[in-house]
Amino acid sequence: MQVVVTGATGLVGSSLVPSLVAGGHRVSRLVRAARPPARAGAIDVAWDPEAGQLDAGALEGHDAAVHLAGENIASGRWTEARKTRIRGSRVRGTRVLCEALAGLSRPPRVLVCASAIGFYGSRGDEVLREESAPGTGFLAEVCREWEAASEPAAKGGIRVVSLRIGVVLSPRGGMLGRILLPFRLGLGGKVGSGAQFLSWISIGDLVAAIEHAIAADGLRGPVNAVAPNPVTNLELTRTLGRVLRRPTPFPMPAFAARLLFGEMGDELLLGSARVVPERLLASGFAFRHPDLEGALRELLGR
């Protein structure tokens, strides 16, 4: 199978591409000209989603597409300019890609398009499934527009899977990568009350879920890409401390999170989303890491 991947150099894409290649698939990476050269087994195709530039002819002959590209939402405070970049990188890039795919003489059979559990907003301990209503807030707005931008592909007859991805656990980056050092130094602690739910997925399970979504003809529309056992922030804190054999005595009060991170702190650190992977499980997907402690121990070699 020939697969085109955007966001191939990011945290998820850099694990997905070698997995696809190892599985015998041919991979094309849609990348900006300044990105690193392709890994062995993949070829690079240049695009500029902000400018709407993409050589559609280079997409001909692909069987599947995976769209992961988008500005990192957690790399700094959400100024108005940054929020515009976050929104634009997802909505405009998705529309450019989907319009190009829909216009091909032989479009791919499936597009797996990243979305996020930010779609649901902060909902306390409410159990959130794919049919749950959208939430409120900046990320919920972005996710609604992001998913809607894939409509040209669906109208073009492509099976579109919108993966609502939870917090991706990997020691190479993301949330876990950022908090490892303070926790290893014994400086970790809960954030706010610690009662807010975190819906997570290990990097290995996310890669497997993407490959499953490509192959599972019955999957389409929104699919929650999260482990089946979400945890509270306090449970995460205690579990990571136990795995690392370090105390976690330094909580971050809610006011401090808001002071340091502003709106981003409210949505990413203090928000609560108890999301379950109902459609993924119903489609026969088996998680390698359904529970947090087992996932952390394997990821961290503990």
# chains A, B, ... in the order shown; residues from 1 in each chain; ligands from 1
$ select_by_dssp --residues "segment 41-268 of chain A" --states "helix (DSSP H, G or I)" --output "ChimeraX atom specification"
/A:56-59,80-102,117-120,138-148,151-155,174-184,203-215,233-244,254-261,263-268
$ residues_around --residues "Gly177 of chain A" --least-positions-apart "5" --cutoff "12 Å" --atoms "only C-alpha atoms" --output "MDAnalysis selection string"
chainID A and resid 11 167:172 182:184 203 296 299:300
$ closest_residue --among "A:Ser193, A:Ser150, A:His212, A:Leu260" --to "Leu234 of chain A" --atoms "only C-alpha atoms"
A:Ser193
$ closest_residue --among "A:Phe285, A:Phe197, A:Trp47, A:Phe250" --to "Val127 of chain A" --atoms "only C-alpha atoms"
A:Phe197
$ closest_residue --among "A:Ile179, A:Ala282, A:Val276, A:Val96" --to "Asp125 of chain A" --atoms "only C-alpha atoms"
A:Val276
$ closest_residue --among "A:Ala56, A:Leu16, A:Val142, A:Leu185" --to "Pro247 of chain A" --atoms "only C-alpha atoms"
A:Leu185
$ select_by_dssp --residues "segment 87-126 of chain A" --states "strand (DSSP E)" --output "PyMOL selection string"
chain A and resi 110-116
$ decode --residues "segment 249-272 of chain A" --atoms "N, CA and C atoms" --output "short mmCIF file (atom, residue, chain, number, x, y, z; two decimals), in the first residue's frame"
data_model
loop_
_atom_site.label_atom_id
_atom_site.label_comp_id
_atom_site.auth_asym_id
_atom_site.auth_seq_id
_atom_site.Cartn_x
_atom_site.Cartn_y
_atom_site.Cartn_z
N PRO A 249 5.77 16.00 45.94
CA PRO A 249 5.26 16.87 47.02
C PRO A 249 4.97 18.31 46.62
N PHE A 250 5.12 18.65 45.32
CA PHE A 250 5.04 20.05 44.93
C PHE A 250 3.85 20.31 44.00
N PRO A 251 2.67 20.52 44.55
CA PRO A 251 1.50 20.80 43.71
C PRO A 251 1.61 22.18 43.06
N MET A 252 0.94 22.32 41.90
CA MET A 252 0.81 23.63 41.27
C MET A 252 -0.62 24.11 41.47
N PRO A 253 -0.84 25.13 42.29
CA PRO A 253 -2.20 25.61 42.51
C PRO A 253 -2.82 26.12 41.21
N ALA A 254 -4.15 26.07 41.14
CA ALA A 254 -4.85 26.50 39.94
C ALA A 254 -4.50 27.94 39.57
N PHE A 255 -4.39 28.82 40.58
CA PHE A 255 -4.10 30.22 40.27
C PHE A 255 -2.73 30.36 39.63
N ALA A 256 -1.78 29.50 40.04
CA ALA A 256 -0.44 29.56 39.47
C ALA A 256 -0.44 29.09 38.02
N ALA A 257 -1.22 28.05 37.73
CA ALA A 257 -1.33 27.56 36.35
C ALA A 257 -1.92 28.64 35.45
N ARG A 258 -2.93 29.35 35.96
CA ARG A 258 -3.55 30.43 35.18
C ARG A 258 -2.59 31.60 35.02
N LEU A 259 -1.85 31.91 36.08
CA LEU A 259 -0.91 33.02 36.02
C LEU A 259 0.21 32.74 35.03
N LEU A 260 0.72 31.51 35.03
CA LEU A 260 1.84 31.16 34.17
C LEU A 260 1.43 30.95 32.72
N PHE A 261 0.27 30.33 32.52
CA PHE A 261 -0.09 29.88 31.17
C PHE A 261 -1.35 30.52 30.61
N GLY A 262 -2.06 31.29 31.40
CA GLY A 262 -3.24 31.97 30.91
C GLY A 262 -4.32 31.01 30.44
N GLU A 263 -4.94 31.32 29.31
CA GLU A 263 -6.03 30.52 28.76
C GLU A 263 -5.58 29.09 28.48
N MET A 264 -4.34 28.92 28.04
CA MET A 264 -3.82 27.58 27.78
C MET A 264 -3.81 26.75 29.06
N GLY A 265 -3.44 27.36 30.19
CA GLY A 265 -3.46 26.64 31.46
C GLY A 265 -4.84 26.18 31.84
N ASP A 266 -5.84 27.05 31.62
CA ASP A 266 -7.22 26.69 31.93
C ASP A 266 -7.68 25.49 31.12
N GLU A 267 -7.38 25.46 29.82
CA GLU A 267 -7.89 24.40 28.95
C GLU A 267 -7.06 23.13 29.01
N LEU A 268 -5.73 23.27 29.02
CA LEU A 268 -4.88 22.08 28.94
C LEU A 268 -4.53 21.49 30.30
N LEU A 269 -4.35 22.31 31.31
CA LEU A 269 -3.90 21.81 32.61
C LEU A 269 -5.05 21.61 33.60
N LEU A 270 -6.03 22.50 33.56
CA LEU A 270 -7.11 22.46 34.54
C LEU A 270 -8.40 21.90 33.97
N GLY A 271 -8.51 21.82 32.65
CA GLY A 271 -9.70 21.25 32.03
C GLY A 271 -9.80 19.76 32.27
N SER A 272 -11.02 19.23 32.22
CA SER A 272 -11.27 17.81 32.52
C SER A 272 -12.06 17.17 31.39
#
